[in-house]
$ cat query_38.txt   # compact mmCIF, C-alpha atoms and all ligand atoms
# COMPACT_ATOMS: atom_id res chain seq x y z
CA MET L 642 0.00 0.00 0.00
CA THR L 643 1.34 3.46 -0.81
CA GLU L 644 0.34 6.78 0.68
CA THR L 645 -1.68 7.57 -2.42
CA THR L 646 -3.90 4.52 -2.03
CA PRO L 647 -5.87 4.91 1.19
CA PRO L 648 -7.00 1.66 2.82
CA ARG L 649 -10.38 0.46 1.69
CA GLN L 650 -13.40 -0.06 3.87
CA LEU L 651 -13.19 -3.32 5.82
CA PRO L 652 -15.48 -5.96 4.33
CA VAL L 653 -16.87 -6.87 7.78
CA ARG L 654 -17.33 -4.19 10.43
CA LEU L 655 -18.30 -4.80 14.03
CA ALA L 656 -20.68 -2.29 15.60
CA PRO L 657 -19.12 -0.32 18.46
CA TYR L 658 -20.63 -0.64 21.93
CA ALA L 659 -21.95 2.48 23.63
CA ASP L 660 -18.95 4.41 25.02
CA GLU L 661 -16.44 1.89 23.62
CA LEU L 662 -12.83 3.07 23.51
CA LEU L 663 -11.34 3.36 20.03
CA SER L 664 -8.43 1.01 20.80
CA SER L 665 -10.91 -1.60 22.04
CA TRP L 666 -12.94 -1.36 18.84
CA ILE L 667 -9.82 -1.65 16.70
CA GLY L 668 -8.67 -4.56 18.89
CA ARG L 669 -11.93 -6.45 18.35
CA HIS L 670 -11.53 -6.03 14.59
CA ALA L 671 -7.95 -7.28 14.93
CA SER L 672 -9.23 -10.43 16.69
CA PHE L 673 -11.86 -10.90 14.02
CA TYR L 674 -9.30 -10.64 11.21
CA ALA L 675 -6.72 -12.61 13.25
CA VAL L 676 -4.00 -9.96 13.16
CA PRO L 677 -2.23 -8.16 16.05
CA PRO L 678 -4.03 -4.96 17.15
CA LEU L 679 -1.12 -2.72 16.06
CA VAL L 680 -1.16 -4.28 12.60
CA MET L 681 -4.86 -3.51 12.33
CA LEU L 682 -4.25 0.07 13.47
CA GLN L 683 -1.37 0.57 11.03
CA HIS L 684 -3.47 -0.88 8.22
CA CYS L 685 -5.74 2.14 8.78
CA LEU L 686 -3.07 4.67 9.82
CA PRO L 687 0.40 3.54 8.67
CA GLU L 688 2.05 6.35 10.67
CA ALA L 689 0.40 5.42 14.01
CA SER L 690 2.82 4.28 16.74
CA SER L 691 0.50 2.80 19.37
CA LEU L 692 -3.12 2.22 20.24
CA ARG L 693 -2.72 4.27 23.42
CA ALA L 694 -1.43 7.27 21.45
CA THR L 695 -4.40 6.89 19.10
CA ASP L 696 -6.81 6.95 22.05
CA LEU L 697 -5.19 10.15 23.32
CA HIS L 698 -4.87 12.12 20.12
CA LEU L 699 -6.04 11.87 16.53
CA SER L 700 -5.68 14.56 13.89
CA GLY L 701 -8.75 15.54 11.90
CA ASP L 702 -7.26 13.76 8.89
CA GLN L 703 -6.73 10.57 10.90
CA GLU L 704 -10.33 10.67 12.12
CA ILE L 705 -11.50 10.89 8.52
CA ARG L 706 -9.29 7.99 7.39
CA LEU L 707 -10.37 5.75 10.29
CA ALA L 708 -14.01 6.61 9.70
CA ARG L 709 -13.63 5.59 6.05
CA VAL L 710 -12.16 2.18 6.91
CA PHE L 711 -14.86 1.46 9.49
CA ALA L 712 -17.68 3.02 7.43
CA THR L 713 -18.68 5.53 10.06
CA GLU L 714 -18.50 9.26 10.78
CA PRO L 715 -15.32 11.09 11.90
CA ALA L 716 -17.28 12.59 14.82
CA ILE L 717 -18.15 9.09 16.04
CA VAL L 718 -14.48 8.04 15.88
CA ARG L 719 -13.53 11.17 17.82
CA ARG L 720 -16.07 10.49 20.58
CA MET L 721 -14.42 7.09 21.14
CA THR L 722 -11.12 8.78 22.04
CA PHE L 723 -9.83 11.13 24.72
CA GLY L 724 -9.23 13.82 22.10
CA ASN L 725 -11.57 16.17 23.97
CA VAL L 726 -9.84 15.71 27.35
CA VAL L 727 -7.85 18.80 28.35
CA GLN L 728 -4.11 18.32 28.78
CA SER L 729 -4.16 19.02 32.55
CA SER L 730 -6.46 16.00 33.03
CA HIS L 731 -4.39 13.53 30.99
CA ARG L 732 -2.59 12.35 34.11
CA LEU L 733 -5.96 11.16 35.40
CA LEU L 734 -6.44 8.78 32.46
CA ALA L 735 -5.51 5.24 33.47
CA ALA L 736 -3.42 3.12 31.11
CA MET L 737 -5.47 -0.01 31.86
CA PRO L 738 -9.14 -0.42 32.80
CA ALA L 739 -9.38 0.64 36.45
CA GLN L 740 -13.10 -0.07 36.96
CA TYR L 741 -16.29 -1.11 35.26
CA CYS L 742 -20.05 -0.71 35.51
CA THR L 743 -22.15 -3.83 36.06
CA ASN L 744 -24.93 -2.25 33.99
CA CYS L 745 -23.02 -0.88 31.04
CA SER L 746 -19.81 -2.90 30.60
CA PRO L 747 -20.56 -5.86 28.32
CA GLY L 748 -17.56 -7.78 29.70
CA HIS L 749 -14.79 -7.60 32.28
CA THR L 750 -11.93 -7.60 29.81
CA ALA L 751 -13.40 -6.70 26.41
CA PRO L 752 -14.79 -4.55 25.05
CA ILE L 753 -13.22 -1.72 27.04
CA LEU L 754 -15.38 1.30 27.56
CA ARG L 755 -13.96 4.78 27.62
CA SER L 756 -15.31 5.28 31.16
CA GLN L 757 -13.17 2.41 32.47
CA LEU L 758 -10.04 4.55 32.16
CA LEU L 759 -11.39 7.75 33.74
CA GLY L 760 -9.42 8.00 36.98
CA TRP L 761 -11.74 10.62 38.50
CA ARG L 762 -14.97 8.60 38.27
CA ILE L 763 -16.66 6.71 41.08
CA THR L 764 -19.99 6.55 39.24
CA CYS L 765 -20.73 5.44 35.70
CA PRO L 766 -21.11 8.39 33.30
CA LEU L 767 -23.72 6.43 31.33
CA CYS L 768 -26.14 5.20 34.01
CA GLY L 769 -24.95 6.80 37.28
CA ASN L 770 -24.35 3.46 39.02
CA GLN L 771 -21.45 3.10 41.40
CA LEU L 772 -18.47 1.59 39.60
CA ARG L 773 -16.72 -1.61 40.68
CA ASP L 774 -12.99 -2.02 40.66
CA ALA L 775 -11.32 -3.86 37.80
CA GLY L 776 -11.24 -7.08 39.83
CA GLY L 777 -15.02 -6.98 40.14
CA ARG L 778 -14.89 -6.38 43.88
CA GLU L 779 -17.36 -4.05 45.48
CA LEU L 780 -15.10 -2.89 48.30
CA PRO L 781 -16.87 -0.65 50.79
CA SER L 782 -15.18 2.72 50.85
CA PRO L 783 -13.78 3.78 54.23
CA PHE L 784 -14.73 7.31 53.18
CA ARG L 785 -18.51 6.90 52.86
CA GLN L 786 -19.13 9.91 55.09
CA TYR L 787 -17.52 12.08 52.40
CA TYR L 788 -19.67 10.69 49.62
CA GLY L 789 -21.60 13.92 48.96
CA ALA L 790 -18.40 15.95 48.67
CA ALA L 791 -16.83 13.17 46.58
CA LEU L 792 -19.67 13.41 44.05
CA ARG L 793 -19.10 17.17 43.84
CA GLY L 794 -15.39 16.53 43.28
CA GLU L 795 -16.17 13.99 40.59
CA LYS L 796 -18.33 16.54 38.78
CA LEU L 797 -15.67 19.27 39.07
CA LEU L 798 -12.99 16.98 37.61
CA ASP L 799 -15.38 15.70 34.95
CA ASP L 800 -16.41 19.20 33.86
CA GLU L 801 -12.77 20.19 33.49
CA ALA L 802 -11.58 17.02 31.75
CA GLU L 803 -14.46 16.41 29.37
CA ARG L 804 -15.68 19.95 28.75
CA GLY L 805 -12.80 22.27 29.64
CA VAL L 806 -14.97 23.97 32.31
CA ARG L 807 -13.10 25.24 35.36
CA THR L 808 -14.18 27.25 38.35
CA TRP L 809 -11.59 29.51 39.99
CA THR L 810 -8.84 26.99 39.29
CA SER L 811 -8.05 23.59 37.82
CA PRO L 812 -9.53 20.73 39.91
CA ALA L 813 -6.97 18.33 38.36
CA GLU L 814 -4.20 20.59 39.63
CA ILE L 815 -5.75 20.57 43.13
CA ALA L 816 -5.77 16.73 42.99
CA ARG L 817 -2.10 16.75 42.09
CA LEU L 818 -1.18 19.06 44.99
CA LEU L 819 -3.22 17.02 47.47
CA LEU L 820 -1.10 13.94 46.78
CA MET L 821 2.18 15.68 47.60
CA ARG L 822 3.86 14.63 50.80
CA ARG L 823 3.27 16.56 53.99
CA VAL L 824 5.08 16.54 57.29
CA ILE L 825 3.58 15.78 60.66
CA TRP L 826 4.96 16.55 64.11
CA PRO L 827 6.58 14.80 65.78
CA LEU L 828 8.32 13.51 62.67
CA PRO L 829 7.48 9.86 62.02
CA ARG L 830 10.17 7.26 61.49
CA GLU L 831 11.78 7.52 58.09
CA HIS L 832 10.14 4.40 56.68
CA GLU L 833 6.71 5.90 57.46
CA LEU L 834 7.22 9.28 55.80
CA TRP L 835 5.62 8.12 52.54
CA ARG L 836 2.25 7.69 54.25
CA TYR L 837 1.56 11.34 54.86
CA ARG L 838 0.04 13.37 52.07
CA VAL L 839 -1.43 16.88 51.97
CA LEU L 840 -4.84 15.25 51.50
CA GLY L 841 -4.58 13.83 55.04
CA ALA L 842 -4.73 17.38 56.41
CA ILE L 843 -8.25 17.69 54.95
CA ILE L 844 -9.48 14.10 55.31
CA PRO L 845 -8.16 13.16 58.77
CA ASP L 846 -9.05 9.44 58.47
CA LEU L 847 -6.76 9.07 55.47
CA ASP L 848 -3.46 8.50 57.28
CA ASP L 849 -4.89 5.64 59.34
CA VAL L 850 -6.64 4.00 56.39
CA VAL L 851 -3.45 4.08 54.31
CA ALA L 852 -1.48 2.65 57.23
CA ALA L 853 -4.04 -0.09 57.89
CA GLU L 854 -4.20 -1.14 54.22
CA HIS L 855 -0.41 -1.02 53.73
CA GLU L 856 -1.24 0.60 50.45
CA ASN L 857 0.89 3.45 49.22
CA LEU L 858 -1.04 6.18 47.47
CA PRO L 859 -0.08 7.07 43.90
CA THR L 860 2.26 9.95 43.14
CA PRO L 861 1.07 13.42 42.11
CA ALA L 862 2.26 12.60 38.58
CA ARG L 863 -0.48 9.96 38.21
CA PRO L 864 -3.11 10.74 40.83
CA ILE L 865 -5.40 7.74 40.24
CA LEU L 866 -6.43 6.17 43.53
CA PRO L 867 -7.85 2.66 43.93
CA LEU L 868 -11.60 2.94 43.50
CA HIS L 869 -12.54 2.43 47.16
CA LEU L 870 -10.06 5.13 48.29
CA ARG L 871 -10.89 7.52 45.47
CA PRO L 872 -13.76 9.29 47.32
CA ALA L 873 -11.15 10.78 49.69
CA LEU L 874 -9.32 12.56 46.87
CA LEU L 875 -12.52 13.66 45.13
CA ALA L 876 -13.88 15.04 48.41
CA GLY L 877 -10.55 16.80 49.05
CA VAL L 878 -10.74 18.47 45.64
CA ALA L 879 -14.31 19.62 46.31
CA ILE L 880 -13.45 20.96 49.77
CA VAL L 881 -10.44 22.97 48.51
CA GLU L 882 -12.38 24.23 45.50
CA ARG L 883 -15.22 25.46 47.73
CA ALA L 884 -12.92 26.99 50.36
CA GLY L 885 -10.94 28.93 47.76
CA PRO L 886 -7.32 30.12 47.47
CA GLU L 887 -6.76 30.74 51.18
CA MET L 888 -7.06 27.03 51.87
CA LEU L 889 -4.16 26.35 49.51
CA ARG L 890 -2.07 28.85 51.48
CA MET L 891 -3.10 27.17 54.72
CA LEU L 892 -2.10 23.73 53.42
CA ARG L 893 1.36 25.02 52.67
CA GLY L 894 1.93 25.03 56.43
CA HIS L 895 1.92 21.22 56.37
CA MET L 896 5.02 21.02 54.23
CA MET L 897 8.70 21.74 54.44
CA GLY L 898 11.84 21.94 52.33
CA ASP L 899 11.79 21.56 48.55
CA ASN L 900 8.31 20.12 48.65
CA LYS L 901 7.02 23.27 50.32
CA VAL L 902 8.68 25.42 47.65
CA ARG L 903 7.18 23.33 44.86
CA PHE L 904 3.75 23.39 46.49
CA SER L 905 3.92 27.15 47.12
CA ASP L 906 4.98 27.91 43.55
CA ALA L 907 2.16 25.83 42.10
CA ALA L 908 -0.41 27.20 44.55
CA GLU L 909 0.62 30.84 44.02
CA ASN L 910 0.42 30.32 40.25
CA MET L 911 -3.10 28.96 40.61
CA ILE L 912 -4.10 31.85 42.89
CA ALA L 913 -2.60 34.43 40.51
CA ARG L 914 -4.41 32.93 37.53
CA ALA L 915 -7.66 32.92 39.53
CA ALA L 916 -7.21 36.61 40.40
CA LYS L 917 -6.55 37.45 36.76
CA LEU L 918 -9.63 35.53 35.68
CA ARG L 919 -11.75 37.33 38.28
CA ALA L 920 -10.42 40.72 37.16
CA SER L 921 -11.12 40.00 33.49
CA ARG L 922 -14.68 38.86 34.34
CA GLN L 923 -15.24 42.07 36.31
CA MET L 924 -13.97 44.09 33.34
CA GLN L 925 -16.50 42.37 31.12
CA LEU L 926 -19.28 43.43 33.49
CA ILE L 927 -18.29 47.11 33.45
ZN ZN K 1 -23.37 2.24 33.78

$ encode --input "query_38.txt" --output "structure tokens"
Amino acid sequence: MTETTPPRQLPVRLAPYADELLSSWIGRHASFYAVPPLVMLQHCLPEASSLRATDLHLSGDQEIRLARVFATEPAIVRRMTFGNVVQSSHRLLAAMPAQYCTNCSPGHTAPILRSQLLGWRITCPLCGNQLRDAGGRELPSPFRQYYGAALRGEKLLDDEAERGVRTWTSPAEIARLLLMRRVIWPLPREHELWRYRVLGAIIPDLDDVVAAEHENLPTPARPILPLHLRPALLAGVAIVERAGPEMLRMLRGHMMGDNKVRFSDAAENMIARAAKLRASRQMQLI
């Protein structure tokens, strides 16, 4: 095949499931035609390097070419990807399915729905049901008392990621800051330092839960918590968002050293951007 001969429509096309991820749909075609998934992808887009990259970003031209091969519309192909997700929320996209909905997921392993990779969800975006973790367990969350705030946090993160809507700041950036390490006094033994995160200053049960479960929380670079612990982070985001910039300044007091400098820089940037946004909105009202 040369670049001047675009791939033809596949003779047999499988209908996508509601909310199916593009890589999953391509993978099911690969199984059907008994070729590796990357071969199927490169049959459609010879320049494509990976299915993950295709889920994250497609050019308009690539959407058109894929749509032609699968006899569908470019807009439908686009909706199967994370092309709409704002860059600041990309770190909240899991690499593997992290959860599923017993109502909407046709299977545990395949097909994979787009919602199974959204690291900020505790409820299904299609039906509103509570999600189950990828292992199918329905672990009770130790943070049930924060459920109302967690749902607000989920909506804040969802509005930003899926629709680019922010309030005074970026909820995804708040989530990142809340997973930074904090210090407690008296200083714990060195091998326990990892347990203490900024989030624990807002959700006091967190330190004990993490200690009891012997489960380290993820880093700020990839702030996707296990599903049953996720309500704590979502609630933390909602609480900081509602309290406003001063709460970020207060949280700085729980840190020291380089971490404190990094936290302060990020927080002051967020506060400055919020002030600028407020000023420009006021100007529009004059
Ligand atoms: Zn559902």

$ residues_around --input "query_38.txt" --residues "range 737-749 of chain L" --least-positions-apart "5" --cutoff "10 Å" --atoms "only C-alpha atoms" --output "PyMOL selection string"
chain L and resi 658-661+693+754-760+762-778+865-868

$ residues_around --input "query_38.txt" --residues "range 896-908 of chain L" --least-positions-apart "4" --cutoff "12 Å" --atoms "all atoms listed in the file" --output "ChimeraX atom specification"
/L:810-811,814-826,828,837-840,842,861,881,885-892,912-915

$ write_last_selection --input "query_38.txt" --atoms "C-alpha atoms" --output "PDB file, in the frame of the given file"
ATOM      1  CA  THR L 810      -8.840  26.990  39.290  1.00  0.00           C
ATOM      2  CA  SER L 811      -8.050  23.590  37.820  1.00  0.00           C
ATOM      3  CA  GLU L 814      -4.200  20.590  39.630  1.00  0.00           C
ATOM      4  CA  ILE L 815      -5.750  20.570  43.130  1.00  0.00           C
ATOM      5  CA  ALA L 816      -5.770  16.730  42.990  1.00  0.00           C
ATOM      6  CA  ARG L 817      -2.100  16.750  42.090  1.00  0.00           C
ATOM      7  CA  LEU L 818      -1.180  19.060  44.990  1.00  0.00           C
ATOM      8  CA  LEU L 819      -3.220  17.020  47.470  1.00  0.00           C
ATOM      9  CA  LEU L 820      -1.100  13.940  46.780  1.00  0.00           C
ATOM     10  CA  MET L 821       2.180  15.680  47.600  1.00  0.00           C
ATOM     11  CA  ARG L 822       3.860  14.630  50.800  1.00  0.00           C
ATOM     12  CA  ARG L 823       3.270  16.560  53.990  1.00  0.00           C
ATOM     13  CA  VAL L 824       5.080  16.540  57.290  1.00  0.00           C
ATOM     14  CA  ILE L 825       3.580  15.780  60.660  1.00  0.00           C
ATOM     15  CA  TRP L 826       4.960  16.550  64.110  1.00  0.00           C
ATOM     16  CA  LEU L 828       8.320  13.510  62.670  1.00  0.00           C
ATOM     17  CA  TYR L 837       1.560  11.340  54.860  1.00  0.00           C
ATOM     18  CA  ARG L 838       0.040  13.370  52.070  1.00  0.00           C
ATOM     19  CA  VAL L 839      -1.430  16.880  51.970  1.00  0.00           C
ATOM     20  CA  LEU L 840      -4.840  15.250  51.500  1.00  0.00           C
ATOM     21  CA  ALA L 842      -4.730  17.380  56.410  1.00  0.00           C
ATOM     22  CA  PRO L 861       1.070  13.420  42.110  1.00  0.00           C
ATOM     23  CA  VAL L 881     -10.440  22.970  48.510  1.00  0.00           C
ATOM     24  CA  GLY L 885     -10.940  28.930  47.760  1.00  0.00           C
ATOM     25  CA  PRO L 886      -7.320  30.120  47.470  1.00  0.00           C
ATOM     26  CA  GLU L 887      -6.760  30.740  51.180  1.00  0.00           C
ATOM     27  CA  MET L 888      -7.060  27.030  51.870  1.00  0.00           C
ATOM     28  CA  LEU L 889      -4.160  26.350  49.510  1.00  0.00           C
ATOM     29  CA  ARG L 890      -2.070  28.850  51.480  1.00  0.00           C
ATOM     30  CA  MET L 891      -3.100  27.170  54.720  1.00  0.00           C
ATOM     31  CA  LEU L 892      -2.100  23.730  53.420  1.00  0.00           C
ATOM     32  CA  ILE L 912      -4.100  31.850  42.890  1.00  0.00           C
ATOM     33  CA  ALA L 913      -2.600  34.430  40.510  1.00  0.00           C
ATOM     34  CA  ARG L 914      -4.410  32.930  37.530  1.00  0.00           C
ATOM     35  CA  ALA L 915      -7.660  32.920  39.530  1.00  0.00           C
TER      36      ALA L 915
END

$ atom_distance --input "query_38.txt" --atom1 "CA of His869 in chain L" --atom2 "CA of Ser782 in chain L"
4.5 Å

$ closest_atom_pairs --input "query_38.txt" --of "range 695-791 of chain L" --to "range 667-691 of chain L" --cutoff "8 Å" --atoms "only C-alpha atoms" --output "Markdown table"
| residue | atom | partner | partner_atom | distance |
| --- | --- | --- | --- | --- |
| L:Thr695 | CA | L:Ser691 | CA | 6.4 |
| L:Gln703 | CA | L:Leu686 | CA | 7.0 |
| L:Arg706 | CA | L:Cys685 | CA | 7.0 |
| L:Leu707 | CA | L:Cys685 | CA | 6.1 |
| L:Val710 | CA | L:Cys685 | CA | 6.7 |
| L:Pro752 | CA | L:Arg669 | CA | 7.5 |

$ atom_distance --input "query_38.txt" --atom1 "CA of Ile843 in chain L" --atom2 "CA of Glu831 in chain L"
22.7 Å

$ residues_around --input "query_38.txt" --residues "Val806 in chain L" --least-positions-apart "3" --cutoff "12 Å" --atoms "all atoms listed in the file" --output "MDAnalysis selection string"
chainID L and resid 725:727 729:730 796:803 809:813

$ write_last_selection --input "query_38.txt" --atoms "C-alpha atoms" --output "JSON list (two decimals), in the frame of the given file"
[["chain", "number", "residue", "atom", "x", "y", "z"],
["L", 725, "ASN", "CA", -11.57, 16.17, 23.97],
["L", 726, "VAL", "CA", -9.84, 15.71, 27.35],
["L", 727, "VAL", "CA", -7.85, 18.80, 28.35],
["L", 729, "SER", "CA", -4.16, 19.02, 32.55],
["L", 730, "SER", "CA", -6.46, 16.00, 33.03],
["L", 796, "LYS", "CA", -18.33, 16.54, 38.78],
["L", 797, "LEU", "CA", -15.67, 19.27, 39.07],
["L", 798, "LEU", "CA", -12.99, 16.98, 37.61],
["L", 799, "ASP", "CA", -15.38, 15.70, 34.95],
["L", 800, "ASP", "CA", -16.41, 19.20, 33.86],
["L", 801, "GLU", "CA", -12.77, 20.19, 33.49],
["L", 802, "ALA", "CA", -11.58, 17.02, 31.75],
["L", 803, "GLU", "CA", -14.46, 16.41, 29.37],
["L", 809, "TRP", "CA", -11.59, 29.51, 39.99],
["L", 810, "THR", "CA", -8.84, 26.99, 39.29],
["L", 811, "SER", "CA", -8.05, 23.59, 37.82],
["L", 812, "PRO", "CA", -9.53, 20.73, 39.91],
["L", 813, "ALA", "CA", -6.97, 18.33, 38.36]]

$ atom_distance --input "query_38.txt" --atom1 "CA of Pro657 in chain L" --atom2 "CA of Ile717 in chain L"
9.8 Å

$ residues_around --input "query_38.txt" --residues "His731 in chain L" --least-positions-apart "6" --cutoff "9 Å" --atoms "all atoms listed in the file" --output "ChimeraX atom specification"
/L:697,723,802,863
